[in-house]
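Source file entry-v5.cif; content: mmCIF, C-alpha atoms.
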data_coords
#
loop_
_atom_site.group_PDB
_atom_site.id
_atom_site.type_symbol
_atom_site.label_atom_id
_atom_site.label_comp_id
_atom_site.auth_asym_id
_atom_site.auth_seq_id
_atom_site.Cartn_x
_atom_site.Cartn_y
_atom_site.Cartn_z
ATOM 1 C CA MET A 1 97.283 184.796 151.875
ATOM 2 C CA ALA A 2 97.475 188.313 150.451
ATOM 3 C CA ASP A 3 94.760 189.590 148.107
ATOM 4 C CA LEU A 4 97.300 189.738 145.314
ATOM 5 C CA GLN A 5 100.527 187.878 144.706
ATOM 6 C CA GLU A 6 102.378 188.657 141.530
ATOM 7 C CA THR A 7 105.715 188.107 139.904
ATOM 8 C CA THR A 8 107.294 188.815 136.532
ATOM 9 C CA ILE A 9 110.287 187.747 134.541
ATOM 10 C CA THR A 10 111.627 189.376 131.385
ATOM 11 C CA LEU A 11 113.529 187.168 128.982
ATOM 12 C CA PRO A 12 115.269 187.645 125.640
ATOM 13 C CA SER A 13 113.210 186.705 122.585
ATOM 14 C CA ALA A 14 115.211 183.543 121.950
ATOM 15 C CA PRO A 15 114.146 179.892 121.721
ATOM 16 C CA ALA A 16 115.916 178.972 124.991
ATOM 17 C CA SER A 17 113.730 181.498 126.804
ATOM 18 C CA VAL A 18 110.635 179.376 126.203
ATOM 19 C CA THR A 19 112.043 176.677 128.494
ATOM 20 C CA ALA A 20 113.124 179.303 131.025
ATOM 21 C CA ALA A 21 109.611 180.814 131.076
ATOM 22 C CA ARG A 22 107.985 177.419 131.557
ATOM 23 C CA ARG A 23 110.362 176.489 134.404
ATOM 24 C CA TYR A 24 109.874 179.866 136.084
ATOM 25 C CA VAL A 25 106.080 179.584 136.074
ATOM 26 C CA THR A 26 106.234 175.965 137.282
ATOM 27 C CA ARG A 27 108.417 177.019 140.213
ATOM 28 C CA ILE A 28 106.135 179.933 141.112
ATOM 29 C CA LEU A 29 103.021 177.742 141.037
ATOM 30 C CA ALA A 30 104.716 175.245 143.361
ATOM 31 C CA GLU A 31 105.681 178.066 145.756
ATOM 32 C CA TRP A 32 102.058 179.237 145.746
ATOM 33 C CA GLY A 33 100.688 175.785 146.560
ATOM 34 C CA MET A 34 99.950 174.303 143.167
ATOM 35 C CA ALA A 35 102.722 171.785 142.665
ATOM 36 C CA HIS A 36 101.079 169.317 140.302
ATOM 37 C CA GLY A 37 97.847 168.411 138.569
ATOM 38 C CA ASP A 38 96.032 168.955 135.320
ATOM 39 C CA VAL A 39 95.835 172.723 135.748
ATOM 40 C CA VAL A 40 99.593 172.995 136.278
ATOM 41 C CA ASP A 41 100.169 170.903 133.161
ATOM 42 C CA ALA A 42 97.777 173.156 131.239
ATOM 43 C CA VAL A 43 99.480 176.326 132.515
ATOM 44 C CA ARG A 44 102.914 174.974 131.558
ATOM 45 C CA LEU A 45 101.719 174.273 128.021
ATOM 46 C CA ILE A 46 99.930 177.624 127.774
ATOM 47 C CA VAL A 47 103.086 179.475 128.874
ATOM 48 C CA SER A 48 105.172 177.469 126.395
ATOM 49 C CA GLU A 49 102.833 178.360 123.541
ATOM 50 C CA LEU A 50 102.565 182.041 124.501
ATOM 51 C CA ALA A 51 106.339 182.363 124.902
ATOM 52 C CA THR A 52 106.914 180.563 121.604
ATOM 53 C CA ASN A 53 104.546 183.002 119.898
ATOM 54 C CA ALA A 54 106.396 185.941 121.458
ATOM 55 C CA VAL A 55 109.702 184.588 120.134
ATOM 56 C CA GLN A 56 108.607 183.397 116.690
ATOM 57 C CA HIS A 57 105.983 185.878 115.593
ATOM 58 C CA THR A 58 107.373 189.244 116.650
ATOM 59 C CA ARG A 59 109.785 189.232 113.713
ATOM 60 C CA GLY A 60 112.605 190.840 115.681
ATOM 61 C CA GLN A 61 110.454 193.796 116.782
ATOM 62 C CA SER A 62 110.386 192.591 120.366
ATOM 63 C CA PRO A 63 113.889 191.902 121.717
ATOM 64 C CA THR A 64 112.381 190.653 124.993
ATOM 65 C CA PHE A 65 109.112 189.332 126.341
ATOM 66 C CA THR A 66 107.732 189.403 129.867
ATOM 67 C CA VAL A 67 105.829 186.690 131.686
ATOM 68 C CA GLU A 68 103.595 187.880 134.502
ATOM 69 C CA VAL A 69 101.878 185.588 136.986
ATOM 70 C CA ARG A 70 99.171 186.894 139.325
ATOM 71 C CA LEU A 71 97.159 185.149 141.985
ATOM 72 C CA GLU A 72 94.162 187.312 142.841
ATOM 73 C CA ARG A 73 92.351 186.750 146.156
ATOM 74 C CA SER A 74 93.175 183.033 146.033
ATOM 75 C CA GLU A 75 90.399 182.764 143.437
ATOM 76 C CA GLN A 76 91.966 183.171 140.041
ATOM 77 C CA LEU A 77 95.318 182.733 138.419
ATOM 78 C CA ARG A 78 96.290 185.133 135.633
ATOM 79 C CA VAL A 79 99.231 184.450 133.384
ATOM 80 C CA GLY A 80 100.216 187.024 130.795
ATOM 81 C CA VAL A 81 102.923 187.219 128.167
ATOM 82 C CA THR A 82 103.800 190.686 126.908
ATOM 83 C CA ASP A 83 105.815 191.593 123.847
ATOM 84 C CA SER A 84 106.315 194.885 122.039
ATOM 85 C CA HIS A 85 105.018 193.766 118.634
ATOM 86 C CA PRO A 86 101.706 195.455 117.783
ATOM 87 C CA ARG A 87 100.129 192.570 115.857
ATOM 88 C CA ARG A 88 97.570 190.555 117.763
ATOM 89 C CA PRO A 89 97.841 186.768 117.648
ATOM 90 C CA ARG A 90 95.682 185.183 114.996
ATOM 91 C CA ARG A 91 94.778 181.716 113.913
ATOM 92 C CA LEU A 92 96.688 180.627 110.832
ATOM 93 C CA PRO A 93 95.008 178.980 107.834
ATOM 94 C CA ALA A 94 94.569 175.205 108.047
ATOM 95 C CA ALA A 95 97.162 174.578 105.321
ATOM 96 C CA VAL A 96 99.827 176.360 107.382
ATOM 97 C CA GLN A 97 98.785 174.555 110.559
ATOM 98 C CA GLN A 98 99.997 171.226 109.224
ATOM 99 C CA ASP A 99 103.524 171.989 110.441
ATOM 100 C CA ASN A 100 102.945 174.775 112.967
ATOM 101 C CA GLY A 101 100.541 177.544 113.840
ATOM 102 C CA ARG A 102 98.330 175.603 116.238
ATOM 103 C CA GLY A 103 99.510 177.445 119.345
ATOM 104 C CA LEU A 104 96.545 179.787 119.673
ATOM 105 C CA VAL A 105 94.117 176.891 119.163
ATOM 106 C CA ILE A 106 95.909 174.917 121.886
ATOM 107 C CA ILE A 107 95.852 177.914 124.238
ATOM 108 C CA ARG A 108 92.147 178.589 123.663
ATOM 109 C CA THR A 109 91.256 174.906 124.112
ATOM 110 C CA LEU A 110 93.235 174.459 127.332
ATOM 111 C CA THR A 111 91.881 177.712 128.716
ATOM 112 C CA ALA A 112 88.270 176.746 127.974
ATOM 113 C CA GLU A 113 88.726 173.221 129.335
ATOM 114 C CA SER A 114 90.057 174.698 132.587
ATOM 115 C CA GLY A 115 87.087 177.055 132.912
ATOM 116 C CA GLY A 116 89.144 180.115 132.074
ATOM 117 C CA ASP A 117 89.241 183.056 129.730
ATOM 118 C CA LEU A 118 91.710 184.450 127.185
ATOM 119 C CA THR A 119 92.041 188.193 126.585
ATOM 120 C CA ILE A 120 94.452 190.398 124.676
ATOM 121 C CA THR A 121 95.198 193.901 125.904
ATOM 122 C CA PRO A 122 97.321 196.602 124.264
ATOM 123 C CA THR A 123 100.314 197.980 126.127
ATOM 124 C CA PRO A 124 101.212 201.686 126.343
ATOM 125 C CA ASP A 125 104.258 201.131 124.094
ATOM 126 C CA GLY A 126 102.188 199.674 121.260
ATOM 127 C CA GLY A 127 102.670 195.998 122.069
ATOM 128 C CA LYS A 128 100.232 193.592 123.658
ATOM 129 C CA THR A 129 99.710 191.227 126.551
ATOM 130 C CA VAL A 130 97.966 187.920 126.021
ATOM 131 C CA TRP A 131 96.271 187.010 129.309
ATOM 132 C CA VAL A 132 94.923 183.653 130.383
ATOM 133 C CA THR A 133 92.753 183.674 133.498
ATOM 134 C CA LEU A 134 91.990 180.380 135.229
ATOM 135 C CA PRO A 135 90.200 179.430 138.437
ATOM 136 C CA TRP A 136 92.707 178.852 141.253
ATOM 137 C CA LEU A 137 92.565 175.283 142.498
ATOM 138 C CA PRO A 138 95.549 174.698 144.794
ATOM 139 C CA VAL A 139 96.775 171.142 145.158
ATOM 140 C CA PRO A 140 98.970 170.393 148.170
ATOM 141 C CA ALA A 141 102.560 169.512 147.294
ATOM 142 C CA SER A 142 103.332 165.825 147.778
#

How would this structure read if it were set down as structure tokens?
Amino acid sequence: MADLQETTITLPSAPASVTAARRYVTRILAEWGMAHGDVVDAVRLIVSELATNAVQHTRGQSPTFTVEVRLERSEQLRVGVTDSHPRRPRRLPAAVQQDNGRGLVIIRTLTAESGGDLTITPTPDGGKTVWVTLPWLPVPAS
């Protein structure tokens, strides 16, 4: 396997794109040898939450978002969602979280439970990429 495999998809900032992002990442993971398991389920949910944040919280300032998937040296999986809105994700107050706003908490929890790390990096155009890095644990396809 190569030292680095990577792929990206850019989607419109629309609710239907959340499903498209999740399906895309699921397909890529299967192609790379991780077809099922707890980590795949966690990555699917993480991508859903990150894509939802990119759609809902950019307030029209990001007409698209990009999902990037990287497998580095068969050791770690990095999934990033980039949008062009400058505001970093933040945890909402508990009162707001009753109906929504738990996405970042879910992402942080799943990332920690999988032995990973969450980072946020600025982009040259003033936006940001939210990265989740997880250990790569391939599971043979059944």

How close does segment 13-72 of chain A get to segment 107-114 of chain A? List, as JSON lines, each residue of segment 13-72 of chain A within 7 Å, its nearest atom pair and the distance in Å to one decimal, counting all atoms listed in the file.
{"residue": "A:Val39", "atom": "CA", "partner": "A:Ser114", "partner_atom": "CA", "distance": 6.9}
{"residue": "A:Ala42", "atom": "CA", "partner": "A:Leu110", "partner_atom": "CA", "distance": 6.1}
{"residue": "A:Ile46", "atom": "CA", "partner": "A:Ile107", "partner_atom": "CA", "distance": 5.4}

Original post:
Of the candidates A:Glu6, A:Asp125, A:Asp83, A:Asp117, which one gets nearest to Thr64 of chain A if we count only C-alpha atoms?
Top reply: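 Residue with the minimum atom-to-atom distance to Thr64 of chain A: A:Asp83.
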
Subject >> Expansion of the PyMOL selection byres ((chain A and resi 67-73) around 6) into residues, as a list in words >> reply: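 Selection result, ordered by chain and number: Asp3, Leu4, Gln5, Glu6, Thr7, Thr8, Ile9, Thr66, Ser74, Glu75, Gln76, Leu77, Arg78, Val79, Gly80 and Val81 of chain A.
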
**OP:** Return the single residue from A:Ala51, A:Ala30, A:Val130, A:Leu118 that is closest to Ala16 of chain A, with distances computed using only C-alpha atoms.
**Re:**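 Of all the options, A:Ala51 lies closest to Ala16 of chain A.
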
Original post:
Which residue out of A:Arg23, A:Lys128, A:His57, A:His85 has the minimum interatomic distance to Val43 of chain A when all atoms listed in the file are used?
Top reply: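 Distance minimum relative to Val43 of chain A lands on A:Arg23.
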
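Going from atom CA of Ser17 of chain A to atom CA of Thr129 of chain A covers 17.1 Å.
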
Subject >> Pairwise distance for atom CA of Pro63 of chain A and atom CA of Glu31 of chain A, rounded to one decimal in Å >> reply: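 Those two atoms sit 28.9 Å apart.
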
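In terms of minimum interatomic distance to Thr19 of chain A, A:Val47 ranks closest within A:Val47, A:Thr82, A:Gly37, A:Phe65, counting all atoms listed in the file.
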
Original post:
Between A:Pro89, A:Gly126, A:Gly115, A:Gly103, which one has atoms that come closest to Gln61 of chain A, using all atoms listed in the file?
Top reply: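 Of all the options, A:Gly126 lies closest to Gln61 of chain A.
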